[in-house]
Amino acid sequence: MKSIIIGGGKIGSNLLKTLKERGYNVTLIEKNEEVCHKIANDIEADIICGDGTDLDVLNDAGIKNADLLAAVTGKDEENLVICQIAKKEFRIKKSIARVNNPKNIAMFKALNVDQTVCSTEVIANLIEYEFDRDICKIVQTFDRGAMVLMEIKINDNNCWLNCFIKDLKLPAECVVASIFRNGQSLYARGNTQIMLDDRVYMITNHATFIKIKNYLLGGGKPYVK
Amino acid sequence: MYITIVGCGRLGSMLAEDLSNNGYDIAIIDRYAKNLEILGSGFNGLRVKGVEFDNDVLIEAGIKHADYLIAATPFDNINITVALVAKKIFDVPRIIARINDPQKKRVYDSLSIDTINPTELSAYILKTRIEENLK
């Protein structure tokens, strides 16, 4: 598959490396000559020094035979213009644009760009996910999520605090395996009480993990089957 | 007649002041406050500071009821983006963009954006003047 990347920043150059490793036929277009040389020293690939919104440069990069185009420069207006001409002038099958400012995502959609990736939003989501992980996280995944070992930290706000295992309203597809307290592993039975700073370990599957996580994040609102 | 001008450089500011003095309703957008200061205190149109193709900024500048949009920034990609947003999202009846790099004319044309080409115009005028002198 032939693909074209426009923009040789961190995203563009890493994308070039990854696609090359997977055996794709890739050409990179970058404006800055110095940046071009730097990438050329690192990665053995077709690199064109030029303006990605210039029709001749896109032609040189072989856009007529390309299946995929990724516009990943640091400027939203540039990425938009590239995707527009790739579509109108060259009828490319698929174009992907990087959106730097999440506010512009709606505009890209309204102007029919096939797909957008907003790194700012992705990173924000990842950080949010890290916050979630404070309460509960997956410690180990077996067989792509068919079975997972999850850990739940019991803090002041946790609705399980001071509950007995036998009173927990748990989905069918899970079992409390152990509680880690004061550096020791307890083998929890029905009459084991959950205490502050406990770490509760459960065996479940990925779908149920999400249900339990949402239940705990929601402060213990009844779990809906 | 309501006219939204995008880009308050030499061209944008001159046009805004001239049109405003002739009784047109003008809103002008630029991302730099400093550029908007080019307009004297006599300018009685609306000045909006913000990213030129941002939905909220364009709405603040009255794009929803604009009869004309002029994309006059010194950056072709911004002019193209603004023109596309004005045409496809806000349905502005008349849109004219300023071409900065004459080579980019093909891009404007391929996206069906109406343009003026100051470089070409200047060259043409200069050539005519020279030829006139030869007569």
# chains A, B, ... in the order shown; residues from 1 in each chain; ligands from 1

call {"tool": "interface_residues", "arguments": {"of": "chain A", "to": "chain B", "cutoff": "12 Å", "atoms": "only C-alpha atoms", "output": "VMD selection string"}}
result
chain A and resid 51 to 58 75 to 91 101 to 112

call {"tool": "select_by_dssp", "arguments": {"residues": "stretch 42-203 of chain A", "states": "strand (DSSP E or B)", "output": "JSON, numbers by chain"}}
result
{"A": [46, 47, 48, 49, 68, 69, 70, 71, 94, 95, 96, 97, 98, 115, 116, 117, 136, 137, 138, 139, 140, 141, 142, 147, 148, 149, 150, 151, 152, 153, 164, 174, 175, 176, 177, 178, 179, 180, 181, 184, 185, 186, 193, 199, 200, 201, 202, 203]}

call {"tool": "write_last_selection", "arguments": {"atoms": "C-alpha atoms", "output": "compact mmCIF listing (two decimals), in the first residue's frame"}}
result
# COMPACT_ATOMS: atom_id res chain seq x y z
CA ASP A 46 11.58 8.73 0.40
CA ILE A 47 11.60 12.26 1.76
CA ILE A 48 10.59 15.29 -0.29
CA CYS A 49 11.49 18.76 0.86
CA LEU A 68 -3.73 6.86 1.99
CA LEU A 69 -2.67 10.36 2.96
CA ALA A 70 -1.93 11.58 6.48
CA ALA A 71 -1.66 15.35 7.05
CA LYS A 94 -8.57 7.93 2.33
CA SER A 95 -7.22 11.00 4.08
CA ILE A 96 -6.46 11.44 7.75
CA ALA A 97 -5.83 14.83 9.36
CA ARG A 98 -4.16 15.65 12.61
CA GLN A 115 -10.83 10.88 9.62
CA THR A 116 -9.29 13.15 12.24
CA VAL A 117 -6.90 12.43 15.06
CA CYS A 136 -9.21 0.58 40.05
CA LYS A 137 -6.95 -0.83 37.40
CA ILE A 138 -6.16 -3.99 35.52
CA VAL A 139 -3.05 -5.64 36.90
CA GLN A 140 -2.87 -8.53 34.50
CA THR A 141 -4.74 -9.51 31.35
CA PHE A 142 -5.07 -13.10 30.21
CA MET A 147 -9.83 -13.01 32.06
CA VAL A 148 -8.36 -10.07 33.96
CA LEU A 149 -6.97 -9.53 37.43
CA MET A 150 -8.15 -6.17 38.72
CA GLU A 151 -7.06 -4.12 41.68
CA ILE A 152 -9.33 -1.78 43.65
CA LYS A 153 -7.84 0.72 46.09
CA PHE A 164 -18.32 -7.34 54.33
CA CYS A 174 -16.35 -12.06 39.07
CA VAL A 175 -14.83 -13.32 42.27
CA VAL A 176 -12.84 -11.64 45.04
CA ALA A 177 -9.50 -13.42 45.00
CA SER A 178 -7.58 -11.66 47.72
CA ILE A 179 -7.23 -8.54 49.83
CA PHE A 180 -3.82 -7.01 50.32
CA ARG A 181 -3.55 -5.33 53.73
CA GLN A 184 0.00 -9.26 53.73
CA SER A 185 -2.32 -11.19 51.49
CA LEU A 186 -5.66 -12.14 53.06
CA GLN A 193 -14.52 -6.79 56.17
CA ARG A 199 -6.24 -3.33 47.95
CA VAL A 200 -8.94 -5.71 46.76
CA TYR A 201 -7.99 -8.11 43.96
CA MET A 202 -10.68 -9.62 41.79
CA ILE A 203 -10.72 -12.07 38.93

call {"tool": "residues_around", "arguments": {"residues": "A:Gly23", "least_positions_apart": "3", "cutoff": "12 Å", "atoms": "only C-alpha atoms", "output": "list in words"}}
result
Met1, Lys2, Ser3, Leu16, Lys17, Thr18, Leu19, Lys20, Val26 and Ala45 of chain A

call {"tool": "residues_around", "arguments": {"residues": "B:Ala33", "least_positions_apart": "3", "cutoff": "12 Å", "atoms": "only C-alpha atoms", "output": "JSON, numbers by chain"}}
result
{"B": [7, 8, 9, 28, 29, 30, 36, 37, 38, 39, 47, 48, 49, 50, 51]}

call {"tool": "select_by_dssp", "arguments": {"residues": "chain B", "states": "helix (DSSP H, G or I)", "output": "JSON, numbers by chain"}}
result
{"B": [10, 11, 12, 13, 14, 15, 16, 17, 18, 19, 20, 21, 33, 34, 35, 36, 55, 56, 57, 58, 59, 60, 63, 64, 65, 76, 77, 78, 79, 80, 81, 82, 83, 84, 85, 86, 87, 88, 102, 103, 104, 105, 106, 107, 108, 109, 110, 118, 119, 120, 121, 122, 123, 124, 125, 126, 127, 128, 129, 130, 131, 132, 133, 134]}
